[in-house]
Amino acid sequence: MDAQQVSRLTTRWTEALPGDGSTVLSGYGAAPLLAVLGSVAVEPARSELMAAGGQWAGLLPGTPELRAAIGLWTRPEVPLEPGLDQVIPAQLRGVLTGRQALDRWVVEQTDGLLERMPVQLTAETLLVLASALAVRTTWAQPFEAWERGVGGRSVWWLSRVDPDLSTVRCHDTANGAMTAVTVRGSGAIDVRLVVADPAVARNKVLAAAVGLGEGGADAVRLLEGLPSPAVSVVETMDPQPTVTLSVPYFEVDAEHDLLACPEVFGLVTASDPRRGHFPGLSSMPLAVSQAKQAVMARFSATGFEAAAVTAIPAVAGSAPIPGARGLRVDLDRPFAFVAVHRPTGTPLVAGWADESAYKVV
């Protein structure tokens with residue numbers, strides 16, 4: 001998948017999210033399904049889907065840290081077009097007989113992080129197209145865990161001292177300054193943590209976090225006193241400047257109905273049941289009846305885990321010792337997080353963590 005296309009889809013989705021509070025989503029989990037449907041659709045559904053999901057170019061190569069899959073299940077009475085093999089080979093297809101096989105596929109493809117396909121099967125359901133994503137990485141430099149009192153609860157808090165000042169940047173955005181901290185994984189996955197002024201709405205911080213690159217003010221300017229959210233200049237016990245990062249251990253899970261904002265996903269026409277939209281898939285007239293995603297993310301002392309399943313069915317710290325100056329970043333307020341595939345810059349999972357996501361001791 002194209003990294004920029006996934007970024008655009010993820011940004012539009014974060015901007016359209018209702019409400020506030022902890023959440024998590026995966027534009028990368030949804031994009032392959034939209035691209036596949038676009039490749040077998042007719043106008044105007046084709047243009048709408050391809051504008052949202054892009055051209056179908058396959059999934060990112062699997063690694064020990066990243067696993068992604070796509071699958072199609074159809075009722076025996078649904079005839080499939082021969083050209084579908086170029087998009088979804090026969091080995092990725094199955095017969096739709098009930099929920100058990102779908103749930104088993106979810107468990108297998110997410111390494112048990114998720115257990116159920118997030119759709120309802122009815123007598124009218126003729127096919128299910130789904131994608132699964134599993135992200136697991138260990139930190140290149142692990143954290144130490146300790147107990148911290150937050151809002152009358154005792155929660156797990158994580159901290160570490162990092163000699164790499166390049167992991168912290170201050171970005172000047174349309175919604176004010178935002179601090180971005182990159183927590184590097186030992187493989188190909190990094191997690192970007194982004195915090196802004198508390199007055200900035202969740203959706204605006206999340207949307208900005210997805211698109212932040214390597215620009216912005218570096219640690220040198222921050223050490224000189226440039227103000228940045230959640231950042232302070234402190235005395236450290238280290239002879240060289242360091243970054244002390246303090247962040248909660250958090251777990252987030254969410255379910256999303258993509259048809260709640262069909263314009264984001266190019267599903268406005270494709271979900272119209274008055275006609276068929278996918279002749280490249282089947283000669284039987286088909287329309288999207290549901291589009292849902294279940295997703296989770298966990299940030300711990302040793303690493304990050306996340307998983308997403310998207311389905312589209314169709315119907316007819318301690319006190320410092322004075323020494324060198326360093327930076328302290330304390331994420332004791334709600335913040336955004338984005339898991340990024342480092343080689344391509346593709347955002348895999350994005351979310352928001354507030355006190356409701358903190359891991360209680």
# chains A, B, ... in the order shown; residues from 1 in each chain; ligands from 1
>>> residues_around(residues="range 187-198 of chain A", least_positions_apart="4", cutoff="7 Å", atoms="only C-alpha atoms", output="list of chain:residue names")
A:Glu65, A:Thr137, A:Ala177, A:Met178, A:Thr179, A:Ala180, A:Val181, A:Thr182, A:Val183, A:Val205, A:Ala209, A:Pro229, A:Phe335, A:Ala336, A:Phe337, A:Val338, A:Ala339, A:Val340, A:His341, A:Arg342, A:Pro343
>>> write_last_selection(atoms="all heavy atoms", output="compact mmCIF listing (two decimals), in the first residue's frame")
# COMPACT_ATOMS: atom_id res chain seq x y z
N GLU A 65 7.85 -8.36 13.07
CA GLU A 65 7.12 -7.31 13.79
C GLU A 65 5.76 -6.99 13.15
O GLU A 65 4.90 -6.40 13.81
CB GLU A 65 7.94 -6.02 13.85
CG GLU A 65 9.23 -6.12 14.63
CD GLU A 65 10.36 -6.65 13.77
OE1 GLU A 65 10.30 -6.47 12.54
OE2 GLU A 65 11.30 -7.26 14.33
N THR A 137 6.34 -5.24 18.52
CA THR A 137 7.73 -4.83 18.51
C THR A 137 8.23 -4.70 19.93
O THR A 137 7.45 -4.39 20.85
CB THR A 137 7.93 -3.51 17.75
OG1 THR A 137 9.32 -3.26 17.57
CG2 THR A 137 7.31 -2.33 18.49
N ALA A 177 1.96 24.54 19.10
CA ALA A 177 3.13 23.67 19.23
C ALA A 177 2.72 22.27 19.69
O ALA A 177 1.83 22.12 20.52
CB ALA A 177 4.12 24.26 20.21
N MET A 178 3.36 21.27 19.11
CA MET A 178 3.14 19.88 19.52
C MET A 178 4.50 19.21 19.69
O MET A 178 5.40 19.38 18.88
CB MET A 178 2.31 19.12 18.49
CG MET A 178 0.90 19.63 18.32
SD MET A 178 -0.13 18.55 17.28
CE MET A 178 -1.61 19.59 17.12
N THR A 179 4.61 18.45 20.76
CA THR A 179 5.83 17.69 21.03
C THR A 179 5.67 16.27 20.51
O THR A 179 4.66 15.62 20.80
CB THR A 179 6.13 17.64 22.53
OG1 THR A 179 6.29 18.97 23.03
CG2 THR A 179 7.39 16.84 22.81
N ALA A 180 6.64 15.81 19.74
CA ALA A 180 6.63 14.44 19.21
C ALA A 180 7.85 13.70 19.74
O ALA A 180 8.98 14.19 19.61
CB ALA A 180 6.63 14.45 17.69
N VAL A 181 7.62 12.55 20.34
CA VAL A 181 8.69 11.70 20.84
C VAL A 181 8.63 10.37 20.10
O VAL A 181 7.58 9.72 20.08
CB VAL A 181 8.57 11.45 22.35
CG1 VAL A 181 9.77 10.65 22.86
CG2 VAL A 181 8.46 12.76 23.11
N THR A 182 9.72 9.97 19.51
CA THR A 182 9.78 8.69 18.79
C THR A 182 10.38 7.63 19.70
O THR A 182 11.52 7.78 20.17
CB THR A 182 10.61 8.80 17.51
OG1 THR A 182 10.02 9.77 16.64
CG2 THR A 182 10.69 7.46 16.79
N VAL A 183 9.62 6.57 19.95
CA VAL A 183 10.12 5.43 20.71
C VAL A 183 10.47 4.35 19.70
O VAL A 183 9.59 3.80 19.04
CB VAL A 183 9.06 4.92 21.71
CG1 VAL A 183 9.65 3.80 22.57
CG2 VAL A 183 8.57 6.06 22.60
N VAL A 205 -5.21 16.88 17.32
CA VAL A 205 -3.88 16.35 17.68
C VAL A 205 -3.61 15.05 16.93
O VAL A 205 -2.53 14.84 16.38
CB VAL A 205 -3.76 16.14 19.20
CG1 VAL A 205 -2.36 15.63 19.56
CG2 VAL A 205 -4.07 17.42 19.95
N ALA A 209 -0.69 14.29 14.32
CA ALA A 209 0.30 13.27 14.68
C ALA A 209 0.56 12.32 13.53
O ALA A 209 1.70 11.87 13.33
CB ALA A 209 -0.18 12.50 15.91
N PRO A 229 5.02 21.59 24.58
CA PRO A 229 4.12 20.89 25.51
C PRO A 229 4.77 19.68 26.16
O PRO A 229 5.40 18.85 25.49
CB PRO A 229 2.95 20.47 24.62
CG PRO A 229 2.95 21.47 23.52
CD PRO A 229 4.39 21.78 23.25
N PHE A 335 -2.69 12.09 25.11
CA PHE A 335 -1.76 12.23 24.00
C PHE A 335 -2.12 11.27 22.88
O PHE A 335 -2.85 10.29 23.08
CB PHE A 335 -0.31 11.98 24.46
CG PHE A 335 -0.10 10.62 25.08
CD1 PHE A 335 0.28 9.53 24.30
CD2 PHE A 335 -0.26 10.42 26.44
CE1 PHE A 335 0.47 8.28 24.86
CE2 PHE A 335 -0.07 9.18 27.03
CZ PHE A 335 0.30 8.11 26.23
N ALA A 336 -1.59 11.56 21.69
CA ALA A 336 -1.80 10.70 20.53
C ALA A 336 -0.63 9.75 20.38
O ALA A 336 0.49 10.04 20.82
CB ALA A 336 -1.94 11.55 19.27
N PHE A 337 -0.89 8.60 19.75
CA PHE A 337 0.19 7.68 19.42
C PHE A 337 -0.03 7.13 18.01
O PHE A 337 -1.17 6.95 17.58
CB PHE A 337 0.29 6.54 20.44
CG PHE A 337 -0.94 5.67 20.54
CD1 PHE A 337 -1.07 4.52 19.76
CD2 PHE A 337 -1.96 5.99 21.42
CE1 PHE A 337 -2.20 3.72 19.86
CE2 PHE A 337 -3.11 5.20 21.52
CZ PHE A 337 -3.22 4.06 20.75
N VAL A 338 1.07 6.91 17.31
CA VAL A 338 1.03 6.39 15.95
C VAL A 338 2.13 5.35 15.80
O VAL A 338 3.31 5.66 16.03
CB VAL A 338 1.22 7.50 14.89
CG1 VAL A 338 1.07 6.92 13.49
CG2 VAL A 338 0.25 8.65 15.11
N ALA A 339 1.78 4.12 15.45
CA ALA A 339 2.77 3.09 15.14
C ALA A 339 3.12 3.21 13.66
O ALA A 339 2.23 3.18 12.80
CB ALA A 339 2.24 1.70 15.45
N VAL A 340 4.41 3.35 13.36
CA VAL A 340 4.87 3.65 12.01
C VAL A 340 5.82 2.57 11.51
O VAL A 340 6.71 2.13 12.23
CB VAL A 340 5.58 5.02 11.98
CG1 VAL A 340 6.06 5.34 10.56
CG2 VAL A 340 4.65 6.12 12.48
N HIS A 341 5.61 2.14 10.26
CA HIS A 341 6.54 1.24 9.58
C HIS A 341 7.71 2.09 9.10
O HIS A 341 7.58 2.85 8.14
CB HIS A 341 5.84 0.54 8.41
CG HIS A 341 6.69 -0.45 7.69
ND1 HIS A 341 7.14 -0.26 6.41
CD2 HIS A 341 7.17 -1.66 8.09
CE1 HIS A 341 7.84 -1.30 6.03
NE2 HIS A 341 7.89 -2.17 7.02
N ARG A 342 8.85 2.00 9.78
CA ARG A 342 9.96 2.91 9.55
C ARG A 342 10.47 2.92 8.11
O ARG A 342 10.72 3.99 7.54
CB ARG A 342 11.12 2.60 10.51
CG ARG A 342 12.21 3.67 10.51
CD ARG A 342 13.43 3.27 11.34
NE ARG A 342 13.05 2.74 12.63
CZ ARG A 342 13.35 1.50 13.04
NH1 ARG A 342 13.97 0.66 12.22
NH2 ARG A 342 13.00 1.10 14.24
N PRO A 343 10.65 1.77 7.45
CA PRO A 343 11.22 1.81 6.09
C PRO A 343 10.38 2.58 5.08
O PRO A 343 10.92 3.17 4.15
CB PRO A 343 11.31 0.32 5.72
CG PRO A 343 11.38 -0.41 7.02
CD PRO A 343 10.52 0.38 7.95
>>> residues_around(residues="range 274-288 of chain A", least_positions_apart="3", cutoff="6 Å", atoms="only C-alpha atoms", output="compact mmCIF listing (two decimals) with all heavy atoms, in the first residue's frame")
# COMPACT_ATOMS: atom_id res chain seq x y z
N VAL A 40 -12.53 -3.87 -8.44
CA VAL A 40 -13.56 -4.75 -9.05
C VAL A 40 -14.90 -4.03 -9.19
O VAL A 40 -15.90 -4.66 -9.52
CB VAL A 40 -13.73 -6.05 -8.23
CG1 VAL A 40 -12.45 -6.86 -8.25
CG2 VAL A 40 -14.16 -5.75 -6.79
N ALA A 41 -14.92 -2.72 -8.92
CA ALA A 41 -16.17 -1.97 -8.95
C ALA A 41 -16.36 -1.25 -10.28
O ALA A 41 -15.44 -1.10 -11.08
CB ALA A 41 -16.20 -0.95 -7.81
N VAL A 42 -17.59 -0.78 -10.50
CA VAL A 42 -17.91 0.09 -11.63
C VAL A 42 -18.17 1.49 -11.10
O VAL A 42 -18.37 1.69 -9.90
CB VAL A 42 -19.14 -0.42 -12.41
CG1 VAL A 42 -18.82 -1.73 -13.11
CG2 VAL A 42 -20.35 -0.58 -11.48
N PRO A 79 -21.30 -16.71 -7.67
CA PRO A 79 -20.30 -17.01 -8.70
C PRO A 79 -19.21 -15.93 -8.69
O PRO A 79 -19.50 -14.73 -8.59
CB PRO A 79 -21.11 -16.97 -10.00
CG PRO A 79 -22.22 -15.99 -9.71
CD PRO A 79 -22.56 -16.16 -8.26
N LEU A 80 -17.96 -16.36 -8.79
CA LEU A 80 -16.84 -15.42 -8.78
C LEU A 80 -16.26 -15.29 -10.18
O LEU A 80 -16.14 -16.27 -10.92
CB LEU A 80 -15.75 -15.91 -7.81
CG LEU A 80 -16.17 -16.00 -6.33
CD1 LEU A 80 -15.02 -16.53 -5.49
CD2 LEU A 80 -16.65 -14.65 -5.81
N GLU A 81 -15.89 -14.06 -10.53
CA GLU A 81 -15.31 -13.80 -11.83
C GLU A 81 -13.88 -14.34 -11.90
O GLU A 81 -13.12 -14.24 -10.93
CB GLU A 81 -15.30 -12.29 -12.11
CG GLU A 81 -16.68 -11.69 -12.31
CD GLU A 81 -17.36 -12.27 -13.53
OE1 GLU A 81 -16.77 -12.17 -14.63
OE2 GLU A 81 -18.48 -12.82 -13.40
N LEU A 84 -10.82 -12.27 -10.74
CA LEU A 84 -10.61 -12.00 -9.32
C LEU A 84 -9.31 -12.62 -8.82
O LEU A 84 -8.73 -12.15 -7.84
CB LEU A 84 -11.80 -12.53 -8.52
CG LEU A 84 -11.82 -12.22 -7.02
CD1 LEU A 84 -11.88 -10.72 -6.77
CD2 LEU A 84 -12.99 -12.93 -6.33
N ALA A 270 -21.15 2.60 -2.93
CA ALA A 270 -20.99 1.15 -2.81
C ALA A 270 -21.96 0.53 -1.82
O ALA A 270 -22.24 -0.67 -1.88
CB ALA A 270 -19.55 0.82 -2.40
N SER A 271 -22.48 1.33 -0.89
CA SER A 271 -23.42 0.81 0.10
C SER A 271 -24.88 1.01 -0.30
O SER A 271 -25.78 0.71 0.48
CB SER A 271 -23.16 1.46 1.47
OG SER A 271 -23.26 2.87 1.38
N ALA A 314 -21.17 -8.13 2.24
CA ALA A 314 -22.06 -7.64 1.19
C ALA A 314 -23.32 -8.48 1.16
O ALA A 314 -23.33 -9.65 1.52
CB ALA A 314 -21.37 -7.72 -0.18
N VAL A 315 -24.44 -7.87 0.75
CA VAL A 315 -25.70 -8.57 0.58
C VAL A 315 -26.09 -8.41 -0.85
O VAL A 315 -25.55 -7.57 -1.57
CB VAL A 315 -26.79 -7.99 1.51
CG1 VAL A 315 -26.43 -8.25 2.95
CG2 VAL A 315 -26.98 -6.51 1.26
N ALA A 316 -27.34 -9.43 -1.16
CA ALA A 316 -27.89 -8.81 -2.30
C ALA A 316 -27.91 -7.50 -1.52
O ALA A 316 -28.68 -6.74 -1.69
CB ALA A 316 -28.93 -9.71 -2.92
>>> select_by_dssp(residues="range 81-187 of chain A", states="strand (DSSP E)", output="mmCIF file with N, CA and C atoms, in the first residue's frame")
data_model
loop_
_atom_site.group_PDB
_atom_site.id
_atom_site.type_symbol
_atom_site.label_atom_id
_atom_site.label_comp_id
_atom_site.auth_asym_id
_atom_site.auth_seq_id
_atom_site.Cartn_x
_atom_site.Cartn_y
_atom_site.Cartn_z
ATOM 1 N N ARG A 93 -9.169 -17.379 -0.354
ATOM 2 C CA ARG A 93 -10.619 -17.379 -0.363
ATOM 3 C C ARG A 93 -11.163 -18.634 0.326
ATOM 4 N N GLY A 94 -12.367 -18.500 0.861
ATOM 5 C CA GLY A 94 -13.011 -19.621 1.520
ATOM 6 C C GLY A 94 -14.508 -19.565 1.327
ATOM 7 N N VAL A 95 -15.177 -20.607 1.792
ATOM 8 C CA VAL A 95 -16.631 -20.686 1.714
ATOM 9 C C VAL A 95 -17.220 -20.131 3.007
ATOM 10 N N THR A 125 -26.324 -12.206 4.173
ATOM 11 C CA THR A 125 -24.895 -11.979 3.941
ATOM 12 C C THR A 125 -24.369 -12.966 2.905
ATOM 13 N N LEU A 126 -23.901 -12.458 1.779
ATOM 14 C CA LEU A 126 -23.426 -13.315 0.694
ATOM 15 C C LEU A 126 -21.915 -13.475 0.697
ATOM 16 N N LEU A 127 -21.213 -12.496 1.198
ATOM 17 C CA LEU A 127 -19.755 -12.601 1.259
ATOM 18 C C LEU A 127 -19.213 -11.717 2.363
ATOM 19 N N VAL A 128 -17.990 -12.010 2.794
ATOM 20 C CA VAL A 128 -17.259 -11.182 3.758
ATOM 21 C C VAL A 128 -15.846 -11.001 3.234
ATOM 22 N N LEU A 129 -15.443 -9.748 3.092
ATOM 23 C CA LEU A 129 -14.077 -9.398 2.721
ATOM 24 C C LEU A 129 -13.426 -8.788 3.955
ATOM 25 N N ALA A 130 -12.274 -9.301 4.361
ATOM 26 C CA ALA A 130 -11.674 -8.849 5.622
ATOM 27 C C ALA A 130 -10.167 -8.716 5.492
ATOM 28 N N SER A 131 -9.623 -7.828 6.323
ATOM 29 C CA SER A 131 -8.171 -7.717 6.459
ATOM 30 C C SER A 131 -7.819 -7.838 7.934
ATOM 31 N N ALA A 132 -6.630 -8.330 8.203
ATOM 32 C CA ALA A 132 -6.147 -8.456 9.577
ATOM 33 C C ALA A 132 -4.734 -7.903 9.659
ATOM 34 N N LEU A 133 -4.427 -7.300 10.795
ATOM 35 C CA LEU A 133 -3.115 -6.681 11.014
ATOM 36 C C LEU A 133 -2.661 -7.007 12.422
ATOM 37 N N ALA A 134 -1.414 -7.414 12.564
ATOM 38 C CA ALA A 134 -0.823 -7.632 13.880
ATOM 39 C C ALA A 134 0.547 -6.956 13.906
ATOM 40 N N VAL A 135 0.751 -6.123 14.913
ATOM 41 C CA VAL A 135 2.020 -5.414 15.091
ATOM 42 C C VAL A 135 2.572 -5.776 16.460
ATOM 43 N N ARG A 136 3.786 -6.253 16.495
ATOM 44 C CA ARG A 136 4.461 -6.555 17.758
ATOM 45 C C ARG A 136 5.907 -6.101 17.627
ATOM 46 N N THR A 137 6.335 -5.238 18.516
ATOM 47 C CA THR A 137 7.728 -4.834 18.507
ATOM 48 C C THR A 137 8.230 -4.698 19.933
ATOM 49 N N THR A 138 9.507 -4.939 20.137
ATOM 50 C CA THR A 138 10.138 -4.684 21.425
ATOM 51 C C THR A 138 10.956 -3.406 21.304
ATOM 52 N N GLU A 144 11.639 1.300 32.552
ATOM 53 C CA GLU A 144 11.432 0.788 33.900
ATOM 54 C C GLU A 144 10.011 1.129 34.312
ATOM 55 N N ALA A 145 9.350 0.188 34.977
ATOM 56 C CA ALA A 145 7.966 0.393 35.402
ATOM 57 C C ALA A 145 7.912 0.686 36.894
ATOM 58 N N TRP A 146 7.032 1.612 37.282
ATOM 59 C CA TRP A 146 6.849 1.948 38.684
ATOM 60 C C TRP A 146 5.408 2.387 38.903
ATOM 61 N N GLU A 147 4.996 2.441 40.151
ATOM 62 C CA GLU A 147 3.623 2.812 40.481
ATOM 63 C C GLU A 147 3.514 4.328 40.643
ATOM 64 N N ARG A 148 2.404 4.865 40.140
ATOM 65 C CA ARG A 148 2.174 6.298 40.240
ATOM 66 C C ARG A 148 0.690 6.521 40.522
ATOM 67 N N GLY A 149 0.394 7.426 41.413
ATOM 68 C CA GLY A 149 -0.984 7.745 41.719
ATOM 69 C C GLY A 149 -1.557 8.727 40.715
ATOM 70 N N VAL A 150 -2.658 8.353 40.069
ATOM 71 C CA VAL A 150 -3.323 9.209 39.082
ATOM 72 C C VAL A 150 -4.826 9.156 39.331
ATOM 73 N N ARG A 153 -6.165 6.551 41.658
ATOM 74 C CA ARG A 153 -5.822 5.164 41.343
ATOM 75 C C ARG A 153 -4.309 5.007 41.322
ATOM 76 N N SER A 154 -3.854 3.790 41.548
ATOM 77 C CA SER A 154 -2.437 3.472 41.400
ATOM 78 C C SER A 154 -2.255 2.787 40.051
ATOM 79 N N VAL A 155 -1.479 3.407 39.158
ATOM 80 C CA VAL A 155 -1.301 2.878 37.802
ATOM 81 C C VAL A 155 0.175 2.623 37.542
ATOM 82 N N TRP A 156 0.428 1.806 36.514
ATOM 83 C CA TRP A 156 1.804 1.566 36.100
ATOM 84 C C TRP A 156 2.289 2.738 35.251
ATOM 85 N N TRP A 157 3.457 3.245 35.612
ATOM 86 C CA TRP A 157 4.073 4.322 34.848
ATOM 87 C C TRP A 157 5.438 3.846 34.363
ATOM 88 N N LEU A 158 5.838 4.314 33.202
ATOM 89 C CA LEU A 158 7.082 3.869 32.582
ATOM 90 C C LEU A 158 8.029 5.047 32.423
ATOM 91 N N SER A 159 9.311 4.803 32.611
ATOM 92 C CA SER A 159 10.289 5.875 32.411
ATOM 93 C C SER A 159 11.604 5.282 31.928
ATOM 94 N N ARG A 160 12.365 6.101 31.223
ATOM 95 C CA ARG A 160 13.694 5.699 30.778
ATOM 96 C C ARG A 160 14.489 6.958 30.452
ATOM 97 N N VAL A 161 15.789 6.810 30.454
ATOM 98 C CA VAL A 161 16.705 7.896 30.090
ATOM 99 C C VAL A 161 17.369 7.520 28.773
ATOM 100 N N ASP A 162 17.207 8.366 27.772
ATOM 101 C CA ASP A 162 17.676 8.089 26.421
ATOM 102 C C ASP A 162 18.753 9.098 26.036
ATOM 103 N N VAL A 168 13.261 13.601 20.150
ATOM 104 C CA VAL A 168 12.305 14.622 20.574
ATOM 105 C C VAL A 168 12.326 15.786 19.595
ATOM 106 N N ARG A 169 11.145 16.185 19.124
ATOM 107 C CA ARG A 169 11.026 17.339 18.229
ATOM 108 C C ARG A 169 9.826 18.177 18.667
ATOM 109 N N CYS A 170 9.887 19.465 18.394
ATOM 110 C CA CYS A 170 8.767 20.360 18.615
ATOM 111 C C CYS A 170 8.282 20.857 17.261
ATOM 112 N N HIS A 171 7.014 20.620 16.964
ATOM 113 C CA HIS A 171 6.444 20.989 15.665
ATOM 114 C C HIS A 171 5.477 22.160 15.830
ATOM 115 N N ASP A 172 5.622 23.136 14.957
ATOM 116 C CA ASP A 172 4.710 24.278 14.916
ATOM 117 C C ASP A 172 3.586 23.945 13.950
ATOM 118 N N THR A 173 2.372 23.716 14.462
ATOM 119 C CA THR A 173 1.247 23.296 13.637
ATOM 120 C C THR A 173 0.161 24.371 13.623
ATOM 121 N N GLY A 176 -1.066 25.064 17.109
ATOM 122 C CA GLY A 176 -0.066 25.358 18.124
ATOM 123 C C GLY A 176 1.074 24.354 18.150
ATOM 124 N N ALA A 177 1.961 24.544 19.098
ATOM 125 C CA ALA A 177 3.135 23.667 19.227
ATOM 126 C C ALA A 177 2.720 22.272 19.685
ATOM 127 N N MET A 178 3.357 21.269 19.110
ATOM 128 C CA MET A 178 3.144 19.883 19.516
ATOM 129 C C MET A 178 4.496 19.209 19.693
ATOM 130 N N THR A 179 4.612 18.452 20.760
ATOM 131 C CA THR A 179 5.834 17.695 21.027
ATOM 132 C C THR A 179 5.668 16.272 20.505
ATOM 133 N N ALA A 180 6.636 15.815 19.738
ATOM 134 C CA ALA A 180 6.629 14.444 19.212
ATOM 135 C C ALA A 180 7.848 13.705 19.742
ATOM 136 N N VAL A 181 7.616 12.550 20.338
ATOM 137 C CA VAL A 181 8.692 11.699 20.840
ATOM 138 C C VAL A 181 8.628 10.372 20.102
ATOM 139 N N THR A 182 9.724 9.965 19.506
ATOM 140 C CA THR A 182 9.781 8.689 18.791
ATOM 141 C C THR A 182 10.382 7.628 19.696
ATOM 142 N N VAL A 183 9.621 6.574 19.950
ATOM 143 C CA VAL A 183 10.116 5.429 20.713
ATOM 144 C C VAL A 183 10.471 4.352 19.696
ATOM 145 N N ARG A 184 11.746 4.095 19.547
ATOM 146 C CA ARG A 184 12.209 3.216 18.481
ATOM 147 C C ARG A 184 12.110 1.746 18.882
#
>>> closest_atom_pairs(of="range 244-304 of chain A", to="range 27-34 of chain A", cutoff="12 Å", atoms="only C-alpha atoms", output="JSON lines")
{"residue": "A:His256", "atom": "CA", "partner": "A:Ala30", "partner_atom": "CA", "distance": 10.9}
{"residue": "A:Asp257", "atom": "CA", "partner": "A:Ala30", "partner_atom": "CA", "distance": 11.4}
{"residue": "A:Leu258", "atom": "CA", "partner": "A:Ala30", "partner_atom": "CA", "distance": 9.0}
{"residue": "A:Pro262", "atom": "CA", "partner": "A:Leu34", "partner_atom": "CA", "distance": 11.4}
{"residue": "A:Val264", "atom": "CA", "partner": "A:Gly27", "partner_atom": "CA", "distance": 10.7}
{"residue": "A:Phe265", "atom": "CA", "partner": "A:Leu34", "partner_atom": "CA", "distance": 7.2}
{"residue": "A:Gly266", "atom": "CA", "partner": "A:Leu34", "partner_atom": "CA", "distance": 7.6}
{"residue": "A:Leu267", "atom": "CA", "partner": "A:Leu34", "partner_atom": "CA", "distance": 8.4}
{"residue": "A:Ala270", "atom": "CA", "partner": "A:Leu34", "partner_atom": "CA", "distance": 10.3}
{"residue": "A:Val288", "atom": "CA", "partner": "A:Leu34", "partner_atom": "CA", "distance": 11.1}
{"residue": "A:Ala291", "atom": "CA", "partner": "A:Ala30", "partner_atom": "CA", "distance": 9.2}
{"residue": "A:Lys292", "atom": "CA", "partner": "A:Ala30", "partner_atom": "CA", "distance": 9.0}
{"residue": "A:Gln293", "atom": "CA", "partner": "A:Ala30", "partner_atom": "CA", "distance": 7.8}
{"residue": "A:Ala294", "atom": "CA", "partner": "A:Gly29", "partner_atom": "CA", "distance": 9.8}
{"residue": "A:Val295", "atom": "CA", "partner": "A:Gly29", "partner_atom": "CA", "distance": 9.3}
>>> write_last_selection(atoms="N, CA, C and O atoms", output="compact mmCIF listing (two decimals), in the first residue's frame")
# COMPACT_ATOMS: atom_id res chain seq x y z
N HIS A 256 -15.22 0.27 15.38
CA HIS A 256 -15.67 1.38 14.55
C HIS A 256 -16.62 0.88 13.47
O HIS A 256 -16.42 -0.19 12.90
N ASP A 257 -17.63 1.70 13.20
CA ASP A 257 -18.54 1.47 12.09
C ASP A 257 -18.14 2.42 10.97
O ASP A 257 -18.38 3.63 11.06
N LEU A 258 -17.54 1.89 9.92
CA LEU A 258 -17.06 2.74 8.83
C LEU A 258 -18.21 3.40 8.08
O LEU A 258 -18.03 4.47 7.48
N PRO A 262 -19.42 7.27 5.66
CA PRO A 262 -19.08 6.56 4.42
C PRO A 262 -18.29 7.39 3.44
O PRO A 262 -17.54 6.84 2.63
N VAL A 264 -15.74 9.19 4.05
CA VAL A 264 -14.31 9.06 4.36
C VAL A 264 -13.72 7.85 3.63
O VAL A 264 -12.58 7.88 3.16
N PHE A 265 -14.49 6.78 3.53
CA PHE A 265 -14.00 5.51 3.01
C PHE A 265 -14.46 5.22 1.58
O PHE A 265 -14.22 4.12 1.07
N GLY A 266 -15.08 6.19 0.92
CA GLY A 266 -15.53 5.97 -0.45
C GLY A 266 -16.66 4.96 -0.56
O GLY A 266 -16.79 4.27 -1.58
N LEU A 267 -17.48 4.85 0.48
CA LEU A 267 -18.52 3.82 0.53
C LEU A 267 -19.92 4.38 0.33
O LEU A 267 -20.90 3.67 0.55
N ALA A 270 -21.15 2.60 -2.93
CA ALA A 270 -20.99 1.15 -2.81
C ALA A 270 -21.96 0.53 -1.82
O ALA A 270 -22.24 -0.67 -1.88
N VAL A 288 -22.35 -3.18 -0.45
CA VAL A 288 -21.80 -3.25 0.90
C VAL A 288 -22.93 -3.08 1.91
O VAL A 288 -23.71 -2.13 1.83
N ALA A 291 -19.51 -2.34 7.33
CA ALA A 291 -18.06 -2.12 7.24
C ALA A 291 -17.58 -1.75 8.63
O ALA A 291 -17.87 -0.66 9.13
N LYS A 292 -16.89 -2.67 9.27
CA LYS A 292 -16.53 -2.48 10.67
C LYS A 292 -15.08 -2.85 10.93
O LYS A 292 -14.49 -3.65 10.21
N GLN A 293 -14.54 -2.24 12.00
CA GLN A 293 -13.17 -2.56 12.40
C GLN A 293 -13.10 -2.72 13.91
O GLN A 293 -13.65 -1.91 14.66
N ALA A 294 -12.43 -3.78 14.35
CA ALA A 294 -12.07 -3.97 15.75
C ALA A 294 -10.56 -3.84 15.85
O ALA A 294 -9.83 -4.38 15.02
N VAL A 295 -10.09 -3.11 16.87
CA VAL A 295 -8.67 -2.82 16.94
C VAL A 295 -8.25 -2.64 18.40
O VAL A 295 -9.06 -2.21 19.24
>>> atom_distance(atom1="CA of Glu263 in chain A", atom2="CA of Trp13 in chain A")
9.9 Å
>>> residues_around(residues="Thr10 in chain A", least_positions_apart="4", cutoff="8 Å", atoms="only C-alpha atoms", output="JSON, numbers by chain")
{"A": [6, 14, 26, 27, 28, 207, 210, 347, 350]}
>>> decode(residues="range 115-126 of chain A", atoms="C-alpha atoms", output="PDB file, in the first residue's frame")
ATOM      1  CA  GLU A 115     -10.717 -13.110  18.703  1.00  0.00           C
ATOM      2  CA  ARG A 116     -13.797 -12.154  16.684  1.00  0.00           C
ATOM      3  CA  MET A 117     -14.706 -10.909  13.233  1.00  0.00           C
ATOM      4  CA  PRO A 118     -16.454  -7.569  13.915  1.00  0.00           C
ATOM      5  CA  VAL A 119     -19.551  -8.102  11.743  1.00  0.00           C
ATOM      6  CA  GLN A 120     -22.976  -9.631  12.086  1.00  0.00           C
ATOM      7  CA  LEU A 121     -23.770 -12.549   9.800  1.00  0.00           C
ATOM      8  CA  THR A 122     -27.333 -12.818   8.581  1.00  0.00           C
ATOM      9  CA  ALA A 123     -29.157 -14.952   6.066  1.00  0.00           C
ATOM     10  CA  GLU A 124     -28.698 -12.101   3.577  1.00  0.00           C
ATOM     11  CA  THR A 125     -24.895 -11.979   3.941  1.00  0.00           C
ATOM     12  CA  LEU A 126     -23.426 -13.315   0.694  1.00  0.00           C
TER      13      LEU A 126
END
